[in-house]
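Data from target12.cif: mmCIF, C-alpha atoms
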```cif
data_data
loop_
_atom_site.label_atom_id
_atom_site.label_comp_id
_atom_site.auth_asym_id
_atom_site.auth_seq_id
_atom_site.Cartn_x
_atom_site.Cartn_y
_atom_site.Cartn_z
CA MET S 221 76.14 -24.22 -61.21
CA VAL S 222 79.37 -22.70 -59.91
CA ARG S 223 79.35 -24.99 -56.87
CA ASP S 224 78.67 -28.06 -59.03
CA GLY S 225 81.46 -27.05 -61.38
CA PHE S 226 83.96 -26.68 -58.53
CA GLU S 227 82.94 -30.06 -57.16
CA MET S 228 83.30 -31.83 -60.51
CA VAL S 229 86.75 -30.37 -61.13
CA MET S 230 88.09 -31.27 -57.71
CA ALA S 231 86.43 -34.68 -57.45
CA ALA S 232 88.19 -35.68 -60.67
CA ALA S 233 91.62 -35.05 -59.12
CA ASP S 234 93.27 -38.13 -57.61
CA ASP S 235 94.90 -36.20 -54.75
CA ILE S 236 91.87 -34.14 -53.67
CA GLU S 237 88.87 -35.43 -51.75
CA VAL S 238 85.66 -33.40 -51.70
CA VAL S 239 84.27 -33.92 -48.20
CA GLY S 240 81.22 -31.69 -48.51
CA THR S 241 79.50 -28.83 -50.33
CA ALA S 242 77.23 -26.05 -49.17
CA ASP S 243 75.03 -23.48 -50.89
CA SER S 244 75.11 -20.69 -48.32
CA LEU S 245 77.23 -18.97 -45.70
CA GLU S 246 75.25 -20.52 -42.85
CA ALA S 247 75.42 -24.05 -44.26
CA GLY S 248 79.11 -23.63 -45.02
CA ARG S 249 79.93 -22.62 -41.46
CA LYS S 250 78.15 -25.71 -40.10
CA LEU S 251 79.95 -28.04 -42.52
CA ILE S 252 83.36 -26.56 -41.76
CA ALA S 253 82.78 -26.95 -38.02
CA ASP S 254 81.73 -30.59 -38.49
CA LEU S 255 84.27 -31.69 -41.11
CA GLN S 256 87.36 -29.54 -40.37
CA PRO S 257 88.56 -29.63 -44.01
CA ASP S 258 92.09 -28.74 -45.07
CA VAL S 259 90.90 -26.23 -47.67
CA VAL S 260 87.61 -24.44 -48.22
CA VAL S 261 87.01 -23.23 -51.79
CA CYS S 262 84.40 -20.52 -51.65
CA ASP S 263 82.78 -18.17 -54.10
CA PHE S 264 82.98 -14.57 -52.92
CA MET S 265 79.29 -13.95 -53.59
CA LEU S 266 76.97 -16.14 -51.51
CA PRO S 267 73.19 -15.89 -51.14
CA ASP S 268 73.43 -14.79 -47.52
CA GLY S 269 76.83 -13.11 -47.32
CA SER S 270 80.34 -13.31 -48.70
CA GLY S 271 83.13 -15.84 -48.82
CA ALA S 272 85.24 -13.51 -46.72
CA GLU S 273 82.79 -14.05 -43.86
CA ILE S 274 83.53 -17.77 -44.07
CA ALA S 275 87.20 -17.08 -43.44
CA GLU S 276 86.40 -14.81 -40.51
CA SER S 277 84.40 -17.58 -38.86
CA VAL S 278 87.04 -20.31 -39.24
CA SER S 279 88.78 -20.71 -35.89
CA SER S 280 91.11 -23.58 -36.78
CA GLU S 281 94.55 -22.75 -38.18
CA HIS S 282 94.32 -26.11 -39.95
CA THR S 283 91.57 -24.96 -42.33
CA LYS S 284 92.59 -22.59 -45.13
CA VAL S 285 90.08 -20.58 -47.15
CA LEU S 286 90.55 -19.95 -50.86
CA ILE S 287 88.23 -17.32 -52.33
CA VAL S 288 87.17 -17.45 -55.98
CA THR S 289 86.56 -13.95 -57.32
CA GLY S 290 85.57 -12.11 -60.46
CA ALA S 291 88.46 -11.28 -62.76
CA ASP S 292 88.96 -7.74 -61.46
CA ASP S 293 86.91 -7.52 -58.27
CA ARG S 294 88.99 -5.21 -56.09
CA ARG S 295 86.40 -5.29 -53.31
CA ALA S 296 86.62 -9.08 -53.09
CA VAL S 297 90.41 -8.99 -52.96
CA GLU S 298 90.43 -6.42 -50.17
CA ALA S 299 87.87 -8.42 -48.21
CA ALA S 300 89.81 -11.67 -48.73
CA VAL S 301 92.99 -10.08 -47.39
CA ALA S 302 91.26 -8.50 -44.39
CA SER S 303 89.41 -11.67 -43.43
CA GLY S 304 92.48 -13.87 -43.17
CA CYS S 305 91.98 -15.90 -46.34
CA ALA S 306 94.91 -17.99 -47.51
CA GLY S 307 94.44 -16.74 -51.05
CA PHE S 308 92.18 -15.92 -53.93
CA VAL S 309 91.92 -17.06 -57.52
CA SER S 310 90.14 -15.49 -60.46
CA LYS S 311 87.14 -17.16 -62.08
CA GLY S 312 88.81 -16.38 -65.38
CA ARG S 313 91.50 -19.00 -64.77
CA SER S 314 91.37 -22.63 -65.92
CA ALA S 315 90.26 -25.68 -63.96
CA GLN S 316 93.91 -26.73 -63.66
CA ASP S 317 94.75 -23.33 -62.19
CA LEU S 318 92.03 -23.84 -59.58
CA LEU S 319 93.43 -27.27 -58.69
CA GLY S 320 96.91 -25.81 -58.47
CA ALA S 321 95.66 -23.09 -56.15
CA VAL S 322 93.96 -25.66 -53.89
CA ARG S 323 97.17 -27.70 -53.71
CA SER S 324 99.28 -24.61 -53.00
CA VAL S 325 97.00 -23.43 -50.20
CA ALA S 326 96.92 -26.94 -48.73
CA GLY S 327 100.72 -26.90 -48.80
CA GLY S 328 100.84 -23.66 -46.83
CA ALA S 329 101.47 -21.12 -49.59
CA ALA S 330 99.63 -17.84 -50.10
CA VAL S 331 97.88 -17.84 -53.47
CA PHE S 332 97.13 -14.65 -55.36
CA PRO S 333 96.96 -13.24 -58.89
CA ALA S 334 99.83 -10.75 -58.74
CA ASN S 335 97.98 -8.16 -60.84
CA LEU S 336 94.99 -8.17 -58.46
CA LEU S 337 97.18 -7.98 -55.37
CA ALA S 338 99.10 -5.09 -56.90
CA ALA S 339 95.80 -3.29 -57.54
CA VAL S 340 94.96 -3.14 -53.83
CA THR S 341 98.43 -2.26 -52.58
CA GLN S 342 100.62 0.76 -52.98
CA PRO S 343 104.30 0.30 -52.09
CA GLY S 344 105.40 2.72 -49.43
CA SER S 345 101.85 3.72 -48.52
CA GLU S 346 102.35 2.69 -44.89
CA PRO S 347 105.25 3.59 -42.59
CA ARG S 348 107.67 0.85 -41.70
CA SER S 349 106.69 -0.41 -38.27
CA SER S 350 108.25 -3.86 -38.25
CA ASP S 351 111.63 -5.03 -37.09
CA LEU S 352 112.02 -8.01 -39.38
CA THR S 353 115.43 -9.63 -39.40
CA LYS S 354 117.34 -10.14 -42.64
CA ARG S 355 116.27 -13.80 -42.70
CA GLU S 356 112.63 -12.91 -42.07
CA LEU S 357 112.70 -10.38 -44.92
CA GLU S 358 114.19 -13.07 -47.15
CA ILE S 359 111.42 -15.47 -46.22
CA LEU S 360 108.74 -12.80 -46.74
CA GLN S 361 110.08 -12.22 -50.24
CA LEU S 362 109.89 -15.95 -50.95
CA LEU S 363 106.30 -15.99 -49.68
CA ALA S 364 105.66 -13.24 -52.24
CA ARG S 365 106.77 -15.74 -54.88
CA ALA S 366 104.01 -18.10 -53.68
CA ARG S 367 106.48 -20.50 -52.08
CA ASN S 368 105.37 -22.75 -49.23
CA ALA S 369 107.39 -23.64 -46.14
CA GLU S 370 108.85 -26.82 -47.64
CA GLU S 371 110.00 -25.01 -50.78
CA ILE S 372 111.49 -22.17 -48.76
CA ALA S 373 113.34 -24.66 -46.57
CA THR S 374 114.87 -26.22 -49.68
CA ASP S 375 115.78 -22.84 -51.16
CA LEU S 376 117.48 -21.62 -47.98
CA PHE S 377 118.90 -24.94 -46.75
CA LEU S 378 116.90 -24.73 -43.53
CA SER S 379 114.62 -27.16 -41.75
CA VAL S 380 110.88 -26.83 -42.36
CA HIS S 381 110.43 -26.30 -38.61
CA THR S 382 112.84 -23.35 -38.67
CA VAL S 383 111.08 -21.81 -41.67
CA ARG S 384 107.68 -22.14 -40.01
CA ASN S 385 109.03 -20.43 -36.91
CA HIS S 386 110.29 -17.58 -39.08
CA ILE S 387 106.91 -17.31 -40.83
CA ARG S 388 105.13 -17.13 -37.47
CA ALA S 389 107.54 -14.38 -36.41
CA VAL S 390 106.84 -12.45 -39.62
CA LEU S 391 103.07 -12.66 -39.07
CA THR S 392 103.44 -11.56 -35.45
CA LYS S 393 105.67 -8.58 -36.25
CA LEU S 394 103.43 -7.45 -39.11
CA GLU S 395 100.29 -8.09 -37.02
CA ALA S 396 98.89 -10.24 -39.83
CA ARG S 397 96.29 -12.99 -39.58
CA SER S 398 97.58 -14.81 -42.65
CA GLN S 399 100.52 -14.99 -45.00
CA LEU S 400 98.46 -13.13 -47.58
CA GLU S 401 97.84 -10.25 -45.18
CA ALA S 402 101.54 -10.25 -44.27
CA LEU S 403 102.41 -9.89 -47.95
CA VAL S 404 100.04 -6.95 -48.37
CA THR S 405 101.48 -5.25 -45.28
CA GLY S 406 105.00 -5.97 -46.50
CA ILE S 407 104.27 -4.45 -49.89
CA ARG S 408 102.64 -1.37 -48.36
CA GLN S 409 105.65 -0.87 -46.11
CA GLY S 410 108.06 -1.31 -48.98
CA LEU S 411 109.55 -4.45 -47.43
CA VAL S 412 108.76 -6.78 -50.29
CA THR S 413 107.94 -6.64 -54.00
CA ILE S 414 105.93 -8.88 -56.28
CA ASP S 415 106.08 -9.29 -60.03
CA MET S 416 103.39 -10.38 -62.45
CA GLY S 417 104.79 -13.89 -62.58
CA ASP S 418 104.06 -14.49 -58.89
CA GLY S 419 100.98 -16.05 -57.34
CA GLN S 420 98.48 -17.87 -59.56
#
```

Mind turning this structure into structure tokens?
Amino acid sequence: MVRDGFEMVMAAADDIEVVGTADSLEAGRKLIADLQPDVVVCDFMLPDGSGAEIAESVSSEHTKVLIVTGADDRRAVEAAVASGCAGFVSKGRSAQDLLGAVRSVAGGAAVFPANLLAAVTQPGSEPRSSDLTKRELEILQLLARARNAEEIATDLFLSVHTVRNHIRAVLTKLEARSQLEALVTGIRQGLVTIDMGDGQ
């Protein structure tokens, strides 16, 4: 029922094409390998595993994984971050919020409910180990506001190419697989802050 509901919501959007659906981790992996979608929307709880395992198995940087979680499932959030997911959205949000999250992830932004992200991070809990430049710190803070590369480029009067280079540098220096993981590391190192208006 959850899968059918996701499909109905997204199929009704003019700018989103549903290219396939799957009912298990194994079937999902096969479809992703065959179809190479832009975004995978995946429930955290699957009959044969978890949505986080989907993200771990995606080898293409082109495909982003968006996990749908329970309203306060800390375990799912931690797994989503560790697996390299592009973001997560609560099942308690509206259909329009889900569509917005899909569009944001497709556009290159990290998507997260700020209250859930805050629940799994503790500012200053990790020592600072990065050597981010002032510009990279500025861009990391904008990522924490759920901005994508195009929006950051507009905000900072930079080219999108330059912003993407900075984002890659941030991920490398923080040893992060995704922007979401970079945000968590940045928060734990006290490099960046989020407020409850950020994310989705």

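Remark: for Glu358 in chain S, the closest of the candidate residues S:Arg223, S:Arg408, S:Lys311, S:His386 is S:His386 (distances computed over only C-alpha atoms).
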
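Nearest-residue note for Ala296 in chain S: choosing from S:Cys262, S:Leu318, S:Ala242, S:Leu403, the minimum distance belongs to S:Cys262, counting all atoms listed in the file.
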
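Closest to Gly327 in chain S among S:Ala369, S:Leu363, S:Ile287, S:Leu352 is S:Ala369, based on all atoms listed in the file.
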
For the PyMOL selection byres ((chain S and resi 383) around 10), applied here, can you spell out every residue it catches as a PyMOL selection string?
chain S and resi 355-356+359+368-374+376-382+384-389

Got a sec to resolve the PyMOL selection byres ((chain S and resi 404) around 12) on this structure and send the residues as an mmCIF file with C-alpha atoms, in the coordinates of the input?
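So out-v3.cif came out as:
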```cif
data_model
loop_
_atom_site.group_PDB
_atom_site.id
_atom_site.type_symbol
_atom_site.label_atom_id
_atom_site.label_comp_id
_atom_site.auth_asym_id
_atom_site.auth_seq_id
_atom_site.Cartn_x
_atom_site.Cartn_y
_atom_site.Cartn_z
ATOM 1 C CA VAL S 297 90.410 -8.990 -52.960
ATOM 2 C CA GLU S 298 90.430 -6.420 -50.170
ATOM 3 C CA ALA S 300 89.810 -11.670 -48.730
ATOM 4 C CA VAL S 301 92.990 -10.080 -47.390
ATOM 5 C CA ALA S 302 91.260 -8.500 -44.390
ATOM 6 C CA GLY S 304 92.480 -13.870 -43.170
ATOM 7 C CA GLY S 307 94.440 -16.740 -51.050
ATOM 8 C CA ALA S 330 99.630 -17.840 -50.100
ATOM 9 C CA PHE S 332 97.130 -14.650 -55.360
ATOM 10 C CA ALA S 334 99.830 -10.750 -58.740
ATOM 11 C CA LEU S 336 94.990 -8.170 -58.460
ATOM 12 C CA LEU S 337 97.180 -7.980 -55.370
ATOM 13 C CA ALA S 338 99.100 -5.090 -56.900
ATOM 14 C CA ALA S 339 95.800 -3.290 -57.540
ATOM 15 C CA VAL S 340 94.960 -3.140 -53.830
ATOM 16 C CA THR S 341 98.430 -2.260 -52.580
ATOM 17 C CA GLN S 342 100.620 0.760 -52.980
ATOM 18 C CA PRO S 343 104.300 0.300 -52.090
ATOM 19 C CA GLY S 344 105.400 2.720 -49.430
ATOM 20 C CA SER S 345 101.850 3.720 -48.520
ATOM 21 C CA GLU S 346 102.350 2.690 -44.890
ATOM 22 C CA LEU S 360 108.740 -12.800 -46.740
ATOM 23 C CA GLN S 361 110.080 -12.220 -50.240
ATOM 24 C CA LEU S 363 106.300 -15.990 -49.680
ATOM 25 C CA ALA S 364 105.660 -13.240 -52.240
ATOM 26 C CA LEU S 391 103.070 -12.660 -39.070
ATOM 27 C CA LEU S 394 103.430 -7.450 -39.110
ATOM 28 C CA GLU S 395 100.290 -8.090 -37.020
ATOM 29 C CA ALA S 396 98.890 -10.240 -39.830
ATOM 30 C CA ARG S 397 96.290 -12.990 -39.580
ATOM 31 C CA SER S 398 97.580 -14.810 -42.650
ATOM 32 C CA GLN S 399 100.520 -14.990 -45.000
ATOM 33 C CA LEU S 400 98.460 -13.130 -47.580
ATOM 34 C CA GLU S 401 97.840 -10.250 -45.180
ATOM 35 C CA ALA S 402 101.540 -10.250 -44.270
ATOM 36 C CA LEU S 403 102.410 -9.890 -47.950
ATOM 37 C CA THR S 405 101.480 -5.250 -45.280
ATOM 38 C CA GLY S 406 105.000 -5.970 -46.500
ATOM 39 C CA ILE S 407 104.270 -4.450 -49.890
ATOM 40 C CA ARG S 408 102.640 -1.370 -48.360
ATOM 41 C CA GLN S 409 105.650 -0.870 -46.110
ATOM 42 C CA GLY S 410 108.060 -1.310 -48.980
ATOM 43 C CA LEU S 411 109.550 -4.450 -47.430
ATOM 44 C CA VAL S 412 108.760 -6.780 -50.290
ATOM 45 C CA THR S 413 107.940 -6.640 -54.000
ATOM 46 C CA ILE S 414 105.930 -8.880 -56.280
#
```

In Å, rounded to a single decimal, give me how far CA of His282 in chain S is from CA of Pro257 in chain S.
7.9 Å

d(CA of Met221 in chain S, CA of Ser244 in chain S) in Å:
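Atom-to-atom, CA of Met221 in chain S to CA of Ser244 in chain S, that is 13.4 Å.
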
Coordinates-based distance that separates CA of Arg294 in chain S from CA of Ser310 in chain S (Å, one decimal)
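Rounded to one decimal, the two atoms are 11.2 Å apart.
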
For the contact check between range 284-362 of chain S and range 265-278 of chain S, emit one row per residue of range 284-362 of chain S within 6 Å, containing the shortest atom pair and the distance in Å rounded to one decimal, counting all atoms listed in the file, chain then rising number order, as a tab-separated table.
```
residue	atom	partner	partner_atom	distance
S:Val285	CA	S:Ala275	CA	5.9
S:Ala299	CA	S:Ala272	CA	5.9
S:Ala300	CA	S:Ala272	CA	5.3
S:Ser303	CA	S:Glu276	CA	5.2
S:Cys305	CA	S:Ala275	CA	5.7
```

Applied to the shown file, which residues does the PyMOL selection byres ((chain S and resi 331) around 7) return, written as a list in words?
Ala306, Gly307, Phe308, Ala321, Ser324, Val325, Ala329, Ala330, Phe332, Ala366, Gly419 and Gln420 of chain S

Using all atoms listed in the file, pick whichever of S:Val222, S:Leu286, S:Ala233, S:Val238 has the shortest atom-to-atom distance to Val260 in chain S.
S:Leu286

Which is closer to Arg365 in chain S than all the others in S:Ala231, S:Val261, S:Pro333, S:Arg323, using only C-alpha atoms?
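So, comparing all the options, the nearest one is S:Pro333.
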
Using 6 Å of padding on each side, determine the axis-aligned box around all atoms of range 283-287 of chain S present in the file and give its centre and edge lengths in Å to one decimal, as JSON.
```
{"center_x": 90.4, "center_y": -21.1, "center_z": -47.3, "size_x": 16.4, "size_y": 19.6, "size_z": 22.0}
```
